[in-house]
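Have a look at the structure below, then the notes.
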Amino acid sequence: MHNYLDFEKPIAELEGKIQELRHLSGEGGVNIADEVGRMQSKAEKLLVSTYAKLTPWQKTQVARHANRPHTVDYIDALIEDFTPLAGDRAFAEDLAIIGGMGRFCGHSVMVIGHEKGADTEARIKHNFGMPRPEGYRKAQRLMSLANKFGLPVITFIDTPGAYPGIDAEARGQAEAIARSIDVCLSLKVPLISLVIGEGGSGGAIAIAVANSVLMLQHSIYSVISPEGCASILWRDGAQAKDAAGALRLTARDLLDLGVIDKVIEEPLGGAHRDAQATIRSAGQAIEEELKKYSELDGGVLRASRREKFLKMGTKGLS
Amino acid sequence: MNWLQSWVRPKLRQLVGGQKDIPDHLWHKCKGCEEMIFHRDLEKNLSVCQHCGYHMRIGVKKRLELLFDDAKYTTVELKSPIADPLKFRDRRKYTERLKEARNNTGEKDAIVVAHGAMGGNKVVVAAFNFDFMAGSMGIAVGDGLLTAARLAVVQETPLIAIPASGGARMQEGILSLMQMARTTIAVEEVRDAGLPYIVLMLDPTAGGVTASFAMLGDVAIAEPGAVICFAGARVIEQTIREKLPEGFQCAEYLYEHGMVDMVVHRSALSETLNRVIDLLCNHKPAGELVPLDEDSSPADKSDKKSQAAAPNEPASKADKDGQDKQGKQDKQDEQANQDNQDKPTG
């Protein structure tokens, strides 16, 4: 069953009718193939036109779509011999960030990513992809491990943000994020980050200070959620649509700003309509990026990563 | 102005002998205990309430005067980065908000970079100006920290960061988030040069500022009562729908949770900073080494020394050599640490 977003209502209606007609033709043997074909092409045109001009707020909704492929799906499809690693060796195992070693295109790699969970039970288990300090400390541990043994690091970014809770603050959420950024910047192995859904603020950048930052076409990456921004600057959370526009959180804008390096196109109607195709293109893009860095010396990798971030903010949007 | 002020008050004043009206700004109400404090007392106490110890916010200039030797320092002219890169507009244009902040503060942005001496040691300071858009961190602030770090590296001096900030500057969107990476690079440049990096956290230190350079200090100091956090109290309350414990996220809470080395009263800040800098920068004893003699008072030291000098001399020489070696050893350790820090540590 497909979950439609509010702006997809006309598409939902058409696709609903097509389903009905198919059902009828199956039962009664009435030949309505022509009619179905016509409606299908109409639905597709509608999908194309809707997705060709998604507003930043609509992109935010797509980026958060419940059926969008999550980190576990990418790991399942792209990583062989995946061996999960757990715990920060100090306090706990935090499932909002999952990670481990495995083989990507035959090469040993370290994979780390936010995991939101696909159903209610999983969402609770993974805390909706909102890590606590132990999640970031685990990420640091895994990155350092990768660095020690020369494994490239791939991170998948998909979080509403770091968890805002009493326990998280008590155990040093800020320090955990700061140190995680520090570790990203110190790595002498390639670090590739891919924003697959929501890149929520400090909770996202903590594991995304990478040599290459890639973004799926309809994913978002922002300093604050549109709702949070609206409630502070507009003093009204309902202005999230305006805030989403003002924040310039789309992949296209981020590419223009030099904050990300590449946009990966999504299948028509968003990643959730064809998860496998999305993951395939993501895999290809990651492979290309890793190839670029395979010959580079560790010191160069680290220096060029720093250099890239130092340059950010020299150009704006027109 | 009503007739009470314009007519009755002057008449009354004439009657009681022409005493001048007391201007309002002579008295301040303490936010901590609500006691009234006379302005001279407040000034004398460095804007700390003499009744309850509440530390009021002070401007960045006063802060720098308080910390640098003889209140003398040189500010560094900072380049202006691209203004309003996103053409951001909420209820007002970002450019308007910027202009207003510049007019009100006379500063270009929310950071001041200064150099001078603390306890005789040269230092570079990057201090936030909370009065400028709540000290929020955008490109200019990131640039400021990088400038400060590079100046510290060139001058071979410690870097002292003094955050007082509500967090990232939302009006610069993703570019403000990227300052978390850029300011961390600033910290790393100072670390790579083997120089001390000290953070003095003021009220408030929040969001992306806390979660980047502010939490990466070799030594972390906080002012009493300063709110230091990642997520703000309101956001947490809305998320968990619970009342927060008293004192949550204040400097003392962070100290108890192992997040800062010390919480230091404003009156002791200068002395503490000087001592920390001195301990980290000057490894050898300041003067000639005097043998330890606990019960000697300074007055009779010379006498005792002449008597005890002969038997103690070899030991004291050994001590001195030992100390020198220790000093060298420290340097080597430091070097080794730096090398280690090239590799990330968890």
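Identifiers in the structure tokens: chain A, B, ... in order shown; residue index from 1 per chain; ligand index from 1 in order shown.
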
**Message:** I want to know what sits within 7 Å of region 108-120 of chain B, based on only C-alpha atoms, with residues of the same chain fewer than 5 positions away left out; could you give that as a list in words?
**Reply:** Leu67, Phe68, Asp69, Lys72, Tyr73, Thr74, Thr75, Val76, Arg102, Val125, Ala126, Ala127, Phe128, Asn129, Phe130, Phe132, Gly135, Ser136, Ala140, Val141, Gly144, Ala148 and Asn274 of chain B

Would you mind listing what lies within 8 Å of Arg306 (chain A) as a compact mmCIF listing (two decimals) with N, CA, C and O atoms, in the first residue's frame, with only C-alpha atoms counted and same-chain residues fewer than 2 positions away left out?
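Writing the result to out.txt gives the following:
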# COMPACT_ATOMS: atom_id res chain seq x y z
N LEU A 185 37.21 15.02 10.57
CA LEU A 185 38.20 15.89 9.96
C LEU A 185 39.62 15.33 10.07
O LEU A 185 40.52 15.76 9.35
N ARG A 302 43.11 14.07 4.14
CA ARG A 302 42.72 14.90 5.28
C ARG A 302 42.82 16.38 4.92
O ARG A 302 41.91 17.17 5.21
N ALA A 303 43.92 16.78 4.31
CA ALA A 303 44.12 18.19 3.98
C ALA A 303 43.07 18.69 2.99
O ALA A 303 42.53 19.79 3.15
N SER A 304 42.72 17.86 1.99
CA SER A 304 41.76 18.34 1.00
C SER A 304 40.36 18.40 1.59
O SER A 304 39.55 19.25 1.21
N LYS A 308 38.27 21.89 1.64
CA LYS A 308 36.93 22.00 1.06
C LYS A 308 35.98 22.74 2.02
O LYS A 308 35.24 23.63 1.61
N PHE A 309 36.04 22.37 3.29
CA PHE A 309 35.13 23.01 4.25
C PHE A 309 35.55 24.45 4.55
O PHE A 309 34.69 25.30 4.83
N LEU A 310 36.85 24.72 4.48
CA LEU A 310 37.30 26.09 4.73
C LEU A 310 36.76 27.04 3.67
O LEU A 310 36.50 28.20 3.95
N ARG B 182 34.17 24.25 10.27
CA ARG B 182 35.26 25.22 10.07
C ARG B 182 35.91 25.61 11.40
O ARG B 182 37.13 25.75 11.49
N ILE B 185 38.13 22.94 12.54
CA ILE B 185 39.41 23.00 11.84
C ILE B 185 40.33 24.03 12.53
O ILE B 185 41.53 23.78 12.71

**Request:** Please return as a count of residues only: the residues of region 102-280 of chain B that backbone DSSP assigns to helix (DSSP H, G or I).
**Result:** 83

**Prompt:** Looking at A:Gly269, A:Gly165, A:Gly258, A:Gly102, which one is nearest to chain B, with distances taken over only C-alpha atoms?
**Reply:**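 Under the stated criterion, the closest residue is A:Gly165.
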
Set out as a tab-separated table a contact list for chain A and chain B with a cut-off of 7 Å, giving each residue of chain A that qualifies its closest atom pair and distance in Å to one decimal, counting only C-alpha atoms, ordered by chain and rising residue number.
residue	atom	partner	partner_atom	distance
A:Arg137	CA	B:Gly346	CA	6.9
A:Gln140	CA	B:Gly346	CA	5.2
A:Arg141	CA	B:Gly346	CA	5.1
A:Ser144	CA	B:Pro344	CA	5.8
A:Pro164	CA	B:Ile236	CA	5.2
A:Gly165	CA	B:Ile236	CA	5.5
A:Glu169	CA	B:Cys229	CA	6.9
A:Ala170	CA	B:His257	CA	6.3
A:Arg171	CA	B:His257	CA	7.0
A:Gly172	CA	B:Met259	CA	6.7
A:Gln173	CA	B:Phe230	CA	6.5
A:Ala174	CA	B:Ala211	CA	4.0
A:Glu175	CA	B:Met215	CA	5.2
A:Ile177	CA	B:Ala211	CA	5.5
A:Ala178	CA	B:Ser212	CA	4.2
A:Ile181	CA	B:Ala181	CA	6.5
A:Asp182	CA	B:Thr184	CA	6.2
A:Val183	CA	B:Pro344	CA	5.2
A:Ser186	CA	B:Pro344	CA	5.5
A:Leu187	CA	B:Pro344	CA	6.4
A:Ser201	CA	B:Leu177	CA	6.7
A:Gly202	CA	B:Gly208	CA	6.3
A:Val209	CA	B:Ala181	CA	6.9
A:Ser222	CA	B:Ile174	CA	5.2
A:Val223	CA	B:Ile174	CA	5.1
A:Leu233	CA	B:Asp90	CA	6.4
A:Trp234	CA	B:Arg91	CA	6.1
A:Ala246	CA	B:Phe88	CA	5.6
A:Leu247	CA	B:Gly173	CA	5.2
A:Arg248	CA	B:Gly173	CA	7.0
A:Arg306	CA	B:Ile185	CA	6.8
A:Phe309	CA	B:Arg182	CA	6.2
A:Leu310	CA	B:Arg182	CA	5.8
A:Gly313	CA	B:Leu175	CA	6.0
A:Thr314	CA	B:Ile82	CA	6.4
A:Lys315	CA	B:Pro85	CA	7.0
A:Gly316	CA	B:Pro85	CA	4.0
A:Leu317	CA	B:Leu86	CA	5.5

**Request:** Would you mind telling me which residue in A:Ile154, A:Ile192, A:Met39, A:Ala33 lies nearest to Ile11 (chain A) when using only C-alpha atoms?
**Result:** A:Met39

**Request:** Name the closest residue to Pro56 (chain A) among the candidates A:Arg305, A:Lys241, A:Lys17, A:Lys311; distances are taken between atoms, counting only C-alpha atoms.
**Result:**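 Ranked by minimum distance to Pro56 (chain A), first place goes to A:Lys241.
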
**Message:** Please determine, counting only C-alpha atoms, which residue among B:Pro158, B:Leu66, B:Gly32, B:Ala286 has the shortest atom-to-atom distance to Glu271 (chain B).
**Reply:**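 Using only C-alpha atoms, the shortest distance to Glu271 (chain B) belongs to B:Leu66.
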
**Item:** Per-residue DSSP, region 37-187 of chain B, filtered to strand (DSSP E or B), as a PyMOL selection string
**Value:** chain B and resi 37-38+48+55+73-75+89+93+111-118+121-128+137+159-162+165+168

Let me see the file: selected residues, N, CA and C atoms, as a JSON list (two decimals), in the first residue's frame.
[["chain", "number", "residue", "atom", "x", "y", "z"],
["B", 37, "ILE", "N", 20.83, 46.68, 43.53],
["B", 37, "ILE", "CA", 22.27, 46.85, 43.72],
["B", 37, "ILE", "C", 22.67, 48.22, 43.19],
["B", 38, "PHE", "N", 23.41, 48.95, 44.00],
["B", 38, "PHE", "CA", 23.87, 50.27, 43.59],
["B", 38, "PHE", "C", 24.93, 50.12, 42.50],
["B", 48, "VAL", "N", 28.74, 41.22, 39.33],
["B", 48, "VAL", "CA", 28.28, 40.04, 40.04],
["B", 48, "VAL", "C", 27.50, 40.54, 41.26],
["B", 55, "HIS", "N", 25.93, 36.05, 38.29],
["B", 55, "HIS", "CA", 26.81, 36.68, 37.32],
["B", 55, "HIS", "C", 25.99, 37.27, 36.19],
["B", 73, "TYR", "N", 44.83, 45.52, 25.16],
["B", 73, "TYR", "CA", 44.84, 44.49, 24.12],
["B", 73, "TYR", "C", 44.71, 45.17, 22.75],
["B", 74, "THR", "N", 45.05, 44.43, 21.73],
["B", 74, "THR", "CA", 44.93, 44.95, 20.37],
["B", 74, "THR", "C", 43.90, 44.11, 19.63],
["B", 75, "THR", "N", 42.91, 44.76, 19.05],
["B", 75, "THR", "CA", 41.93, 43.97, 18.29],
["B", 75, "THR", "C", 42.42, 43.81, 16.85],
["B", 89, "ARG", "N", 15.04, 35.83, 4.26],
["B", 89, "ARG", "CA", 14.02, 36.73, 4.75],
["B", 89, "ARG", "C", 13.01, 35.95, 5.58],
["B", 93, "LYS", "N", 14.00, 41.17, 6.64],
["B", 93, "LYS", "CA", 15.16, 40.76, 5.86],
["B", 93, "LYS", "C", 16.36, 40.59, 6.78],
["B", 111, "ILE", "N", 31.80, 38.52, 16.69],
["B", 111, "ILE", "CA", 33.05, 38.04, 17.29],
["B", 111, "ILE", "C", 34.12, 39.13, 17.28],
["B", 112, "VAL", "N", 34.91, 39.15, 18.34],
["B", 112, "VAL", "CA", 36.03, 40.08, 18.44],
["B", 112, "VAL", "C", 37.29, 39.25, 18.61],
["B", 113, "VAL", "N", 38.29, 39.53, 17.78],
["B", 113, "VAL", "CA", 39.57, 38.82, 17.92],
["B", 113, "VAL", "C", 40.59, 39.83, 18.44],
["B", 114, "ALA", "N", 41.25, 39.45, 19.53],
["B", 114, "ALA", "CA", 42.21, 40.37, 20.15],
["B", 114, "ALA", "C", 43.45, 39.62, 20.58],
["B", 115, "HIS", "N", 44.56, 40.34, 20.65],
["B", 115, "HIS", "CA", 45.75, 39.71, 21.22],
["B", 115, "HIS", "C", 46.41, 40.65, 22.20],
["B", 116, "GLY", "N", 47.18, 40.06, 23.11],
["B", 116, "GLY", "CA", 47.80, 40.83, 24.17],
["B", 116, "GLY", "C", 48.42, 39.85, 25.15],
["B", 117, "ALA", "N", 48.58, 40.28, 26.39],
["B", 117, "ALA", "CA", 49.21, 39.41, 27.37],
["B", 117, "ALA", "C", 48.27, 39.09, 28.52],
["B", 118, "MET", "N", 48.40, 37.87, 29.02],
["B", 118, "MET", "CA", 47.68, 37.46, 30.23],
["B", 118, "MET", "C", 48.70, 36.87, 31.19],
["B", 121, "ASN", "N", 52.07, 36.29, 29.66],
["B", 121, "ASN", "CA", 52.17, 35.41, 28.49],
["B", 121, "ASN", "C", 51.32, 35.94, 27.35],
["B", 122, "LYS", "N", 51.88, 35.89, 26.16],
["B", 122, "LYS", "CA", 51.11, 36.37, 25.01],
["B", 122, "LYS", "C", 50.00, 35.39, 24.67],
["B", 123, "VAL", "N", 48.85, 35.92, 24.35],
["B", 123, "VAL", "CA", 47.71, 35.06, 23.97],
["B", 123, "VAL", "C", 46.90, 35.72, 22.87],
["B", 124, "VAL", "N", 46.13, 34.88, 22.17],
["B", 124, "VAL", "CA", 45.14, 35.39, 21.22],
["B", 124, "VAL", "C", 43.76, 34.98, 21.74],
["B", 125, "VAL", "N", 42.82, 35.92, 21.68],
["B", 125, "VAL", "CA", 41.47, 35.65, 22.19],
["B", 125, "VAL", "C", 40.45, 35.82, 21.07],
["B", 126, "ALA", "N", 39.50, 34.89, 21.00],
["B", 126, "ALA", "CA", 38.34, 35.06, 20.12],
["B", 126, "ALA", "C", 37.13, 35.11, 21.04],
["B", 127, "ALA", "N", 36.56, 36.30, 21.20],
["B", 127, "ALA", "CA", 35.47, 36.48, 22.15],
["B", 127, "ALA", "C", 34.17, 36.83, 21.43],
["B", 128, "PHE", "N", 33.10, 36.19, 21.84],
["B", 128, "PHE", "CA", 31.79, 36.46, 21.23],
["B", 128, "PHE", "C", 31.17, 37.71, 21.80],
["B", 137, "MET", "N", 26.39, 32.23, 15.40],
["B", 137, "MET", "CA", 27.56, 31.89, 14.60],
["B", 137, "MET", "C", 27.22, 31.73, 13.12],
["B", 159, "LEU", "N", 45.51, 29.85, 22.25],
["B", 159, "LEU", "CA", 44.25, 30.46, 21.78],
["B", 159, "LEU", "C", 43.21, 30.32, 22.88],
["B", 160, "ILE", "N", 42.53, 31.40, 23.15],
["B", 160, "ILE", "CA", 41.45, 31.35, 24.14],
["B", 160, "ILE", "C", 40.15, 31.72, 23.46],
["B", 161, "ALA", "N", 39.20, 30.79, 23.45],
["B", 161, "ALA", "CA", 37.89, 31.08, 22.87],
["B", 161, "ALA", "C", 36.92, 31.39, 23.99],
["B", 162, "ILE", "N", 36.13, 32.43, 23.80],
["B", 162, "ILE", "CA", 35.17, 32.83, 24.83],
["B", 162, "ILE", "C", 33.78, 32.91, 24.20],
["B", 165, "SER", "N", 26.84, 32.58, 23.11],
["B", 165, "SER", "CA", 26.12, 32.47, 21.84],
["B", 165, "SER", "C", 24.89, 31.59, 21.94],
["B", 168, "ALA", "N", 23.79, 28.54, 16.17],
["B", 168, "ALA", "CA", 24.02, 28.87, 14.76],
["B", 168, "ALA", "C", 23.13, 30.04, 14.32]]

**Prompt:** In Å to one decimal, how far is CA of Met215 (chain A) from CA of Glu80 (chain A)?
**Reply:**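 Pair CA of Glu80 (chain A) / CA of Met215 (chain A) returns 22.9 Å.
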
**Request:** Pick out the closest residue to Gly106 (chain B) from this set: B:Met262, B:Lys243, B:Thr147, B:Lys61. Count only C-alpha atoms.
**Result:**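 That would be B:Lys61, the residue with the smallest distance to Gly106 (chain B).
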
**Message:** as a VMD selection string, please: the residues near Ala86 (chain A) (cut-off 10 Å, only C-alpha atoms, same-chain neighbours under 6 positions excluded).
**Reply:** chain A and resid 92 to 95 97 to 100 135 138 to 139 141 to 142

Using only C-alpha atoms, please write the residues we just selected to a file, as a compact mmCIF listing (two decimals), in the first residue's frame.
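Here's the written file result_26.txt:
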# COMPACT_ATOMS: atom_id res chain seq x y z
CA ALA A 92 25.48 2.01 25.85
CA GLU A 93 24.58 0.81 22.39
CA ASP A 94 22.51 3.43 20.56
CA LEU A 95 20.53 2.05 17.63
CA ILE A 97 23.16 5.14 14.57
CA ILE A 98 24.00 1.76 13.15
CA GLY A 99 27.32 0.73 11.74
CA GLY A 100 29.76 -1.99 10.94
CA GLY A 135 25.55 6.96 19.18
CA LYS A 138 30.12 4.76 18.67
CA ALA A 139 30.49 6.53 15.33
CA ARG A 141 34.97 4.59 17.57
CA LEU A 142 34.05 3.03 14.24
